[in-house]
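Visitor: Sharing a structure below in structure tokens format, with a few things to ask.
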Amino acid sequence: MMSKTSAQEMVKTEGADVVKEERESSHPYAFHVSGPRNVASPNWKEIIISSWKDGNYKRTVIACFIQAVYLLELDRQENRTEQNALAPKWWIPFKYKLTRTLIDERDGSIFGAILEWDRAAALAEFILMRPSGAPKAVLALRGTLLKGPTIRRDVEDDLRFLAWESLKGSVRFNAALEALKSISDGYGSNNVCIAGHSLGAGFALQVGKALAKQGVFVEAHLFNPPSVSLAMSVRNIGEKATFAWKRFKSMLPSSSESLANGNEVVDNTTNLIGLNKWVPHLYVNNSDYICCYYNDPTGGEDKAADKENAGPKNGQGALAKLFVMSKGKQKFLEAHGLEQWWSDDLELQLALQSSKLISKQLKSLYSLPPSSQQTQGKPQ
């Protein structure tokens with residue numbers, strides 16, 4: 001009787017495992033369900049012709065790495081094991097391996113990961129060397145995940161950017177900066193890439209910029225980076241008021257005071273440093289109101305008021321490579337989604353190399369700080 005009961009229990013257990021396995025295999029986030037369709041895994045031919053030199057291939061793979069970070073956190077929340085985890089399928093086909101996860105100490109959530117070239121897996125496929133253009137290490141950062149365990153801290157950082165247009169006060173900023181420094185020191189900045197989506201793109205931009213200010217330039221790929229903040233709106237109002245005041249002063253008779261004030265105006269174009277050293281890749285969709293202002297030449301501001309604050313002029317270097325999705329009007333969730341960046345029918349155009357908003361985001365890289373400008377030529 002006992003043996004019969006045990007046999008029934010074993011059958012039930014095996015049946016439950018089969019059902020669970022089938023359910024996981026048809027999961028909407030499974031790589032074979034929602035991943036890219038026409039991207040082949042690397043093979044020995046990569047030694048001759050590297051797929052990584054194709055911008056479409058590189059964009060697709062890096063977007064997949066970011067998707068893997070989202071799934072690392074979902075795997076954690078849903079207690080998946082190594083056997084049924086969803087995330088590894090998004091990096092294994094490209095011969096990369098997970099070497100480190102970035103943990104938010106406030107809630108224990110995974111918000112980033114370091115993926116490195118898996119030499120052993122590559123050799124098993126007779127790929128004797130890393131393809132030209134393939135980074136040795138990629139730091140990938142996810143965006144907001146609207147799930148119970150993570151929503152509080154994700155939205156907290158969303159609001160931080162909305163209010164201050166800066167993420168430096170977040171524990172994630174410091175952790176990401178330390179991680180990027182670590183792999184840059186270990187592999188060399190030319191062999192490293194940072195990437196992010198949505199909030200993660202905001203962190204990637206500011207972390208990459210912080211490292212660039214130290215003279216370390218890493219390749220950056222930013223998908224749907226946030227472009228709207230209250231701080232920006234308030235500053236825009238202030239800049240317009242300042243422009244109106246300067247216009248009014250210019251109508252007044254000249255005086256020694258106005259000349260003195262005029263001497264304080266600094267031409268940013270004479271203090272450009274490090275041009276073309278750090279040129280991030282931005283991927284935006286005009287139907288996504290979170291990132292669409294990057295494609296606005298004026299950043300939604302008054303063109304005349306912008307003249308005195310202009311970034312590098314034509315011929316002086318691009319601030320960023322801006323790729324715009326050209327698919328017509330879309331719903332917000334579709335336009336902001338990460339999966340669009342590996343879709344088969346993707347149509348991209350390199351729309352702008354510089355815009356007012358990009359110029360603002362990167363302005364500190366291309367001009368000397370005010371303190372340096374004021375102390376130049378003076379004894380210390």
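Identifiers in this document derive from the order of the structure tokens: chains are assigned A, B, ..., residues are numbered from 1 separately in each chain, and ligands are numbered from 1 in order of occurrence.
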Neighbours of region 282-297 of chain A within 8 Å (only C-alpha atoms; same-chain residues fewer than 5 positions away dropped), as a PyMOL selection string?
Guide: chain A and resi 221-228+320-326+328-332+335-336+351-352+354-358
Visitor: Quick one: residues within 12 Å of region 44-59 of chain A, only C-alpha atoms, excluding same-chain residues fewer than 2 positions away - as a PyMOL selection string?
Guide: chain A and resi 36-42+61-66+94-95+122-135+138+193+195-196+219-223+281-283+321+323+338-350
